[in-house]
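**Q** The structure file coords_10.cif (mmCIF, C-alpha atoms) is provided below.
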```cif
data_data
loop_
_atom_site.label_atom_id
_atom_site.label_comp_id
_atom_site.auth_asym_id
_atom_site.auth_seq_id
_atom_site.Cartn_x
_atom_site.Cartn_y
_atom_site.Cartn_z
CA MET A 23 55.55 145.75 83.93
CA THR A 24 58.51 144.50 85.94
CA ALA A 25 61.92 145.55 84.63
CA PRO A 26 64.06 142.62 83.49
CA THR A 27 66.97 141.50 85.63
CA LEU A 28 70.22 142.41 83.89
CA SER A 29 73.83 141.35 84.33
CA ALA A 30 77.12 142.79 83.10
CA LEU A 31 80.58 141.33 82.69
CA ALA A 32 83.65 143.58 82.65
CA LEU A 33 86.75 142.22 80.92
CA VAL A 34 89.75 144.25 82.04
CA CYS A 35 92.50 144.02 79.43
CA SER A 36 95.35 145.50 81.45
CA LEU A 37 98.75 143.93 80.83
CA LYS A 38 99.14 143.59 84.61
CA ARG A 39 98.03 140.60 86.65
CA ARG A 40 96.38 141.04 90.02
CA PRO A 41 97.21 142.21 92.66
CA ALA A 42 98.97 144.97 90.69
CA GLU A 43 96.88 148.12 90.52
CA SER A 44 95.31 148.88 87.15
CA SER A 45 93.86 152.09 85.78
CA SER A 46 91.86 150.01 83.30
CA GLU A 47 90.29 148.14 86.18
CA LEU A 48 89.64 151.34 88.12
CA ILE A 49 87.63 152.92 85.31
CA ALA A 50 85.84 149.59 84.71
CA ASP A 51 84.94 149.49 88.42
CA GLN A 52 83.48 152.98 88.09
CA VAL A 53 81.31 151.89 85.16
CA CYS A 54 80.19 148.84 87.14
CA GLU A 55 79.39 150.98 90.16
CA ASN A 56 77.06 153.07 88.00
CA LEU A 57 75.48 149.92 86.58
CA ARG A 58 74.84 148.51 90.05
CA VAL A 59 73.05 151.72 91.03
CA LEU A 60 70.70 150.91 88.15
CA GLY A 61 70.11 147.40 89.45
CA VAL A 62 72.48 145.60 87.09
CA GLY A 63 74.52 142.75 88.58
CA THR A 64 78.21 142.96 87.70
CA GLU A 65 81.31 140.78 87.62
CA THR A 66 84.85 141.80 86.69
CA LEU A 67 87.63 139.60 85.30
CA ARG A 68 91.27 140.64 84.81
CA CYS A 69 92.10 138.83 81.56
CA ALA A 70 95.84 138.72 82.32
CA ASP A 71 95.02 136.33 85.17
CA PHE A 72 93.80 133.72 82.70
CA VAL A 73 95.40 131.62 79.98
CA ILE A 74 93.81 132.90 76.78
CA GLU A 75 95.44 131.05 73.92
CA PRO A 76 95.81 132.67 70.49
CA GLY A 77 93.27 131.59 67.92
CA VAL A 78 89.76 132.14 66.64
CA GLU A 79 88.04 129.03 68.00
CA THR A 80 85.81 128.78 71.06
CA ASP A 81 88.24 126.30 72.63
CA MET A 82 91.90 126.05 71.62
CA GLY A 83 92.50 123.04 73.89
CA GLY A 84 95.29 122.44 76.36
CA ASP A 85 95.36 124.95 79.21
CA ASP A 86 93.08 127.40 77.38
CA GLN A 87 90.76 129.12 79.88
CA TRP A 88 88.78 131.07 77.30
CA PRO A 89 85.83 128.61 77.44
CA GLU A 90 85.05 129.58 81.05
CA ILE A 91 85.32 133.28 80.18
CA ARG A 92 83.13 132.70 77.12
CA ARG A 93 80.40 131.12 79.25
CA LYS A 94 80.30 134.25 81.39
CA ILE A 95 80.22 136.46 78.27
CA LEU A 96 77.26 134.56 76.83
CA ASP A 97 75.40 134.72 80.15
CA ALA A 98 75.81 138.51 80.48
CA ASP A 99 73.44 141.06 78.98
CA ILE A 100 76.14 143.74 78.89
CA LEU A 101 79.82 143.30 78.05
CA LEU A 102 82.29 145.98 79.12
CA LEU A 103 85.73 145.80 77.56
CA SER A 104 88.24 148.03 79.36
CA THR A 105 91.67 148.58 77.85
CA PRO A 106 94.70 150.82 78.13
CA VAL A 107 96.15 152.54 75.08
CA TRP A 108 99.60 151.33 74.04
CA LEU A 109 101.27 152.83 70.96
CA GLY A 110 97.90 154.26 69.95
CA HIS A 111 96.13 150.89 70.00
CA PRO A 112 94.15 148.66 72.38
CA SER A 113 96.32 146.39 74.50
CA SER A 114 97.50 143.08 73.05
CA ILE A 115 95.21 141.34 75.53
CA ALA A 116 92.21 143.32 74.25
CA GLN A 117 93.12 142.25 70.72
CA ARG A 118 93.38 138.63 71.89
CA VAL A 119 89.90 138.85 73.42
CA LEU A 120 88.47 140.24 70.17
CA GLU A 121 90.15 137.51 68.15
CA ARG A 122 88.64 134.83 70.38
CA LEU A 123 85.22 136.48 70.08
CA ASP A 124 85.55 136.11 66.31
CA ALA A 125 84.34 132.53 66.76
CA GLU A 126 80.91 133.88 67.68
CA LEU A 127 80.39 135.08 64.10
CA SER A 128 79.40 131.53 63.19
CA ASN A 129 77.52 130.88 66.43
CA THR A 130 73.82 131.57 65.83
CA ASP A 131 70.55 131.00 67.66
CA ASP A 132 67.47 129.16 66.40
CA ALA A 133 66.34 132.32 64.58
CA GLY A 134 69.61 132.62 62.67
CA ARG A 135 70.80 135.62 64.68
CA PRO A 136 74.35 135.91 66.05
CA VAL A 137 74.24 134.46 69.55
CA VAL A 138 75.20 137.84 71.04
CA ALA A 139 72.54 139.78 69.10
CA GLY A 140 70.39 141.42 71.74
CA LYS A 141 73.38 142.00 74.01
CA VAL A 142 75.00 145.39 74.61
CA ALA A 143 78.68 146.39 74.56
CA LEU A 144 80.48 149.17 76.40
CA VAL A 145 84.11 150.29 76.15
CA SER A 146 86.30 152.11 78.66
CA VAL A 147 89.81 153.34 77.85
CA VAL A 148 92.70 154.86 79.79
CA GLY A 149 96.13 156.03 78.66
CA ASN A 150 98.80 158.67 78.98
CA GLU A 151 98.80 159.48 75.28
CA ASP A 152 96.14 160.46 72.78
CA GLY A 153 94.34 157.63 71.06
CA ALA A 154 91.17 156.96 73.06
CA HIS A 155 88.77 157.77 70.21
CA LYS A 156 90.60 155.50 67.79
CA THR A 157 90.80 152.73 70.37
CA VAL A 158 87.08 152.98 71.14
CA ALA A 159 86.29 152.99 67.41
CA ASP A 160 88.41 149.89 66.77
CA VAL A 161 86.91 147.93 69.66
CA PHE A 162 83.32 148.98 68.96
CA GLN A 163 83.63 148.03 65.29
CA ALA A 164 84.83 144.55 66.23
CA LEU A 165 82.12 144.05 68.86
CA ASN A 166 79.42 145.30 66.49
CA ASP A 167 80.62 142.94 63.76
CA ILE A 168 80.14 140.06 66.18
CA GLY A 169 76.58 141.17 66.90
CA TYR A 170 76.70 143.44 69.93
CA SER A 171 74.54 146.56 70.05
CA ILE A 172 76.25 149.85 70.89
CA PRO A 173 74.30 152.30 73.05
CA ALA A 174 74.35 156.06 72.56
CA GLN A 175 77.53 157.51 74.10
CA GLY A 176 78.49 153.99 75.12
CA CYS A 177 82.10 154.70 76.06
CA THR A 178 84.12 156.49 78.70
CA TYR A 179 87.80 157.34 78.67
CA TRP A 180 90.61 159.31 80.23
CA ASN A 181 93.86 160.40 78.59
CA GLY A 182 96.63 162.18 80.45
CA GLU A 183 98.88 164.77 78.88
CA ALA A 184 101.26 163.53 76.20
CA MET A 185 104.82 162.85 77.40
CA HIS A 186 103.76 162.92 81.06
CA GLY A 187 103.71 160.09 83.61
CA THR A 188 100.45 160.76 85.46
CA ASP A 189 98.20 157.71 85.53
CA TYR A 190 94.46 157.54 86.10
CA LEU A 191 95.21 155.85 89.41
CA ASP A 192 97.17 158.93 90.47
CA LEU A 193 94.26 161.36 90.24
CA ASP A 194 92.86 162.74 93.49
CA GLU A 195 89.36 162.70 92.03
CA VAL A 196 87.64 161.70 88.83
CA PRO A 197 87.38 164.65 86.42
CA GLU A 198 83.76 165.74 86.08
CA PRO A 199 83.58 165.13 82.29
CA VAL A 200 84.86 161.57 82.80
CA ALA A 201 82.39 160.91 85.62
CA ALA A 202 79.54 162.26 83.47
CA ALA A 203 80.57 160.12 80.48
CA THR A 204 80.85 157.02 82.71
CA ALA A 205 77.38 157.59 84.16
CA ALA A 206 75.86 158.19 80.72
CA ALA A 207 77.45 155.06 79.26
CA ALA A 208 76.14 152.90 82.11
CA ARG A 209 72.68 154.47 82.02
CA ASN A 210 72.29 154.09 78.26
CA ALA A 211 73.65 150.54 78.25
CA ALA A 212 71.23 149.43 80.97
CA HIS A 213 68.34 151.08 79.11
CA LEU A 214 69.17 149.45 75.78
CA ALA A 215 69.86 146.05 77.34
CA GLY A 216 66.50 146.18 79.08
CA LEU A 217 64.71 146.93 75.82
CA LEU A 218 66.49 144.15 73.95
CA LYS A 219 65.83 141.68 76.74
CA VAL A 220 62.10 141.91 76.05
CA GLY A 221 62.22 142.83 72.35
CA GLN A 222 64.82 140.78 70.49
CA TYR A 223 65.89 141.58 66.92
CA PRO A 224 63.80 139.98 64.13
CA ARG A 225 64.67 136.58 62.71
CA TYR A 226 67.42 136.39 60.12
CA GLU A 227 65.98 135.03 56.88
#
```
If you convert what's in this file into structure tokens, what do you get?
**A**
Amino acid sequence: MTAPTLSALALVCSLKRRPAESSSELIADQVCENLRVLGVGTETLRCADFVIEPGVETDMGGDDQWPEIRRKILDADILLLSTPVWLGHPSSIAQRVLERLDAELSNTDDAGRPVVAGKVALVSVVGNEDGAHKTVADVFQALNDIGYSIPAQGCTYWNGEAMHGTDYLDLDEVPEPVAAATAAAARNAAHLAGLLKVGQYPRYE
């Protein structure tokens, strides 16, 4: 049986616009690199480069560019949300993305399932303070509420020492535990997405 073709979209929720370097984008790129090794097509967007209006609708009108991002989200089998930790929380842009995804709660398919049921979510986190576990938990809870499936060990993160200025971008090499977690997250996400691609959840009655 031929394995299904899979695609992944990485939403980088750094507060920095391109071309500024971003640790959140670096760790997202590393997840995507592992996914590509597994045959998954990937695309990365830096959310700060787009106008994402506040709100919980699929289109807030005006200059809102969320609809074009949303189309890419709905086309992807795997969604990676990559965020820095600020004050112990996901970035404000990550929160904005989650708020806009709230609209998908009422968006269902012909079987009554959330439109993203059968899709898989990953999270990657970077920061110079503790808070990665809480940030991952907050983001995963939101994505699962919307309908995404969470793979085993579906996150990767790096936190520097508290009160220090070293950034993920400053490291000479990726720490082995981070590299292992990144590879596992990508591997498990691709596996689960492949299963769900050919075996969707049952109808909602």
**Q** Let me make sure I understand: among A:Asn56, A:Thr204, A:Ser146, A:Ser171, which one has the smallest atom-to-atom distance to Gln222 (chain A) if we use all atoms listed in the file?
**A**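 With all atoms listed in the file as the atom set, the closest residue is A:Ser171.
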**Q** What's around Thr178 (chain A) at 9 Å? Count only C-alpha atoms, leave out sequence neighbours fewer than 4 positions away in its own chain, and write the answer as a ChimeraX atom specification.
**A** /A:49,53,144-148,158,200-207
**Q** Could you list, as a PyMOL selection string, every residue matched by the PyMOL selection byres ((chain A and resi 104-110) around 7) in this structure?
**A** chain A and resi 33-36+46+50+102-103+111-113+116+145-149+153-154
**Q** Have a look at CA of Cys69 (chain A) and CA of Ile115 (chain A) and let me know their distance in Å, one decimal.
**A** 7.2 Å
**Q** Need to verify the contact set: region 86-88 of chain A, 6 Å, only C-alpha atoms, exclusion of same-chain residues closer than 4 positions in sequence. Can you return it as a ChimeraX atom specification?
**A** /A:73-75,92
**Q** Assuming the chain letters and numbering stay as they are in my file, what does the PyMOL selection byres ((chain A and resi 128-131) around 12) actually select? List them as a list in words.
**A**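 Residues picked by the PyMOL selection byres ((chain A and resi 128-131) around 12): Val78, Glu79, Thr80, Leu96, Leu123, Asp124, Ala125, Glu126, Leu127, Asp132, Ala133, Gly134, Arg135, Pro136, Val137, Val138, Ala139, Gly140, Asp167, Ile168, Gly169, Gln222, Tyr223, Pro224, Arg225 and Tyr226 of chain A.
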**Q** Write region 178-189 of chain A as a PDB file, in the frame of the given file, completed to all heavy atoms.
**A**
```pdb
ATOM      1  N   THR A 178      83.528 155.493  77.819  1.00  0.00           N
ATOM      2  CA  THR A 178      84.120 156.490  78.700  1.00  0.00           C
ATOM      3  C   THR A 178      85.625 156.335  78.616  1.00  0.00           C
ATOM      4  O   THR A 178      86.124 155.230  78.374  1.00  0.00           O
ATOM      5  CB  THR A 178      83.611 156.357  80.144  1.00  0.00           C
ATOM      6  OG1 THR A 178      84.102 157.454  80.926  1.00  0.00           O
ATOM      7  CG2 THR A 178      84.057 155.051  80.784  1.00  0.00           C
ATOM      8  N   TYR A 179      86.342 157.440  78.786  1.00  0.00           N
ATOM      9  CA  TYR A 179      87.800 157.340  78.670  1.00  0.00           C
ATOM     10  C   TYR A 179      88.477 158.484  79.403  1.00  0.00           C
ATOM     11  O   TYR A 179      87.873 159.506  79.725  1.00  0.00           O
ATOM     12  CB  TYR A 179      88.225 157.358  77.194  1.00  0.00           C
ATOM     13  CG  TYR A 179      87.912 158.645  76.456  1.00  0.00           C
ATOM     14  CD1 TYR A 179      88.813 159.711  76.459  1.00  0.00           C
ATOM     15  CD2 TYR A 179      86.721 158.792  75.752  1.00  0.00           C
ATOM     16  CE1 TYR A 179      88.523 160.891  75.781  1.00  0.00           C
ATOM     17  CE2 TYR A 179      86.419 159.960  75.088  1.00  0.00           C
ATOM     18  CZ  TYR A 179      87.332 161.009  75.099  1.00  0.00           C
ATOM     19  OH  TYR A 179      87.040 162.173  74.441  1.00  0.00           O
ATOM     20  N   TRP A 180      89.749 158.266  79.672  1.00  0.00           N
ATOM     21  CA  TRP A 180      90.610 159.310  80.230  1.00  0.00           C
ATOM     22  C   TRP A 180      91.983 159.195  79.579  1.00  0.00           C
ATOM     23  O   TRP A 180      92.542 158.100  79.483  1.00  0.00           O
ATOM     24  CB  TRP A 180      90.767 159.163  81.741  1.00  0.00           C
ATOM     25  CG  TRP A 180      91.709 160.166  82.339  1.00  0.00           C
ATOM     26  CD1 TRP A 180      91.432 161.437  82.726  1.00  0.00           C
ATOM     27  CD2 TRP A 180      93.108 159.977  82.595  1.00  0.00           C
ATOM     28  NE1 TRP A 180      92.553 162.059  83.210  1.00  0.00           N
ATOM     29  CE2 TRP A 180      93.602 161.187  83.144  1.00  0.00           C
ATOM     30  CE3 TRP A 180      93.989 158.908  82.412  1.00  0.00           C
ATOM     31  CZ2 TRP A 180      94.935 161.351  83.506  1.00  0.00           C
ATOM     32  CZ3 TRP A 180      95.314 159.065  82.774  1.00  0.00           C
ATOM     33  CH2 TRP A 180      95.778 160.279  83.315  1.00  0.00           C
ATOM     34  N   ASN A 181      92.491 160.327  79.097  1.00  0.00           N
ATOM     35  CA  ASN A 181      93.860 160.400  78.590  1.00  0.00           C
ATOM     36  C   ASN A 181      94.605 161.486  79.336  1.00  0.00           C
ATOM     37  O   ASN A 181      94.107 162.620  79.439  1.00  0.00           O
ATOM     38  CB  ASN A 181      93.897 160.737  77.094  1.00  0.00           C
ATOM     39  CG  ASN A 181      93.659 159.521  76.210  1.00  0.00           C
ATOM     40  OD1 ASN A 181      92.879 159.574  75.283  1.00  0.00           O
ATOM     41  ND2 ASN A 181      94.322 158.423  76.518  1.00  0.00           N
ATOM     42  N   GLY A 182      95.778 161.159  79.854  1.00  0.00           N
ATOM     43  CA  GLY A 182      96.630 162.180  80.450  1.00  0.00           C
ATOM     44  C   GLY A 182      97.362 162.972  79.385  1.00  0.00           C
ATOM     45  O   GLY A 182      97.250 162.691  78.189  1.00  0.00           O
ATOM     46  N   GLU A 183      98.111 163.961  79.828  1.00  0.00           N
ATOM     47  CA  GLU A 183      98.880 164.770  78.880  1.00  0.00           C
ATOM     48  C   GLU A 183      99.962 163.922  78.213  1.00  0.00           C
ATOM     49  O   GLU A 183     100.569 163.053  78.835  1.00  0.00           O
ATOM     50  CB  GLU A 183      99.554 165.935  79.608  1.00  0.00           C
ATOM     51  CG  GLU A 183      98.605 166.979  80.140  1.00  0.00           C
ATOM     52  CD  GLU A 183      99.363 168.121  80.787  1.00  0.00           C
ATOM     53  OE1 GLU A 183     100.160 168.776  80.078  1.00  0.00           O
ATOM     54  OE2 GLU A 183      99.187 168.344  81.988  1.00  0.00           O
ATOM     55  N   ALA A 184     100.198 164.213  76.938  1.00  0.00           N
ATOM     56  CA  ALA A 184     101.260 163.530  76.200  1.00  0.00           C
ATOM     57  C   ALA A 184     102.611 163.795  76.856  1.00  0.00           C
ATOM     58  O   ALA A 184     102.874 164.902  77.343  1.00  0.00           O
ATOM     59  CB  ALA A 184     101.281 163.980  74.747  1.00  0.00           C
ATOM     60  N   MET A 185     103.447 162.763  76.895  1.00  0.00           N
ATOM     61  CA  MET A 185     104.820 162.850  77.400  1.00  0.00           C
ATOM     62  C   MET A 185     104.897 163.029  78.912  1.00  0.00           C
ATOM     63  O   MET A 185     105.945 163.327  79.456  1.00  0.00           O
ATOM     64  CB  MET A 185     105.596 163.979  76.711  1.00  0.00           C
ATOM     65  CG  MET A 185     105.502 163.976  75.192  1.00  0.00           C
ATOM     66  SD  MET A 185     106.053 162.422  74.441  1.00  0.00           S
ATOM     67  CE  MET A 185     107.812 162.543  74.713  1.00  0.00           C
ATOM     68  N   HIS A 186     103.764 162.826  79.612  1.00  0.00           N
ATOM     69  CA  HIS A 186     103.760 162.920  81.060  1.00  0.00           C
ATOM     70  C   HIS A 186     103.498 161.543  81.668  1.00  0.00           C
ATOM     71  O   HIS A 186     103.014 160.642  81.001  1.00  0.00           O
ATOM     72  CB  HIS A 186     102.704 163.919  81.544  1.00  0.00           C
ATOM     73  CG  HIS A 186     103.105 165.348  81.360  1.00  0.00           C
ATOM     74  ND1 HIS A 186     103.329 166.208  82.404  1.00  0.00           N
ATOM     75  CD2 HIS A 186     103.355 166.061  80.239  1.00  0.00           C
ATOM     76  CE1 HIS A 186     103.682 167.391  81.948  1.00  0.00           C
ATOM     77  NE2 HIS A 186     103.695 167.332  80.614  1.00  0.00           N
ATOM     78  N   GLY A 187     103.805 161.401  82.965  1.00  0.00           N
ATOM     79  CA  GLY A 187     103.710 160.090  83.610  1.00  0.00           C
ATOM     80  C   GLY A 187     102.526 159.916  84.527  1.00  0.00           C
ATOM     81  O   GLY A 187     102.435 158.902  85.217  1.00  0.00           O
ATOM     82  N   THR A 188     101.614 160.891  84.588  1.00  0.00           N
ATOM     83  CA  THR A 188     100.450 160.760  85.460  1.00  0.00           C
ATOM     84  C   THR A 188      99.517 159.667  84.955  1.00  0.00           C
ATOM     85  O   THR A 188      99.183 159.613  83.779  1.00  0.00           O
ATOM     86  CB  THR A 188      99.681 162.096  85.536  1.00  0.00           C
ATOM     87  OG1 THR A 188     100.561 163.113  86.008  1.00  0.00           O
ATOM     88  CG2 THR A 188      98.496 161.969  86.483  1.00  0.00           C
ATOM     89  N   ASP A 189      99.110 158.800  85.873  1.00  0.00           N
ATOM     90  CA  ASP A 189      98.200 157.710  85.530  1.00  0.00           C
ATOM     91  C   ASP A 189      96.827 158.007  86.106  1.00  0.00           C
ATOM     92  O   ASP A 189      96.687 158.816  87.030  1.00  0.00           O
ATOM     93  CB  ASP A 189      98.744 156.398  86.101  1.00  0.00           C
ATOM     94  CG  ASP A 189      98.220 155.185  85.367  1.00  0.00           C
ATOM     95  OD1 ASP A 189      97.374 155.347  84.483  1.00  0.00           O
ATOM     96  OD2 ASP A 189      98.661 154.068  85.696  1.00  0.00           O
TER      97      ASP A 189
END
```
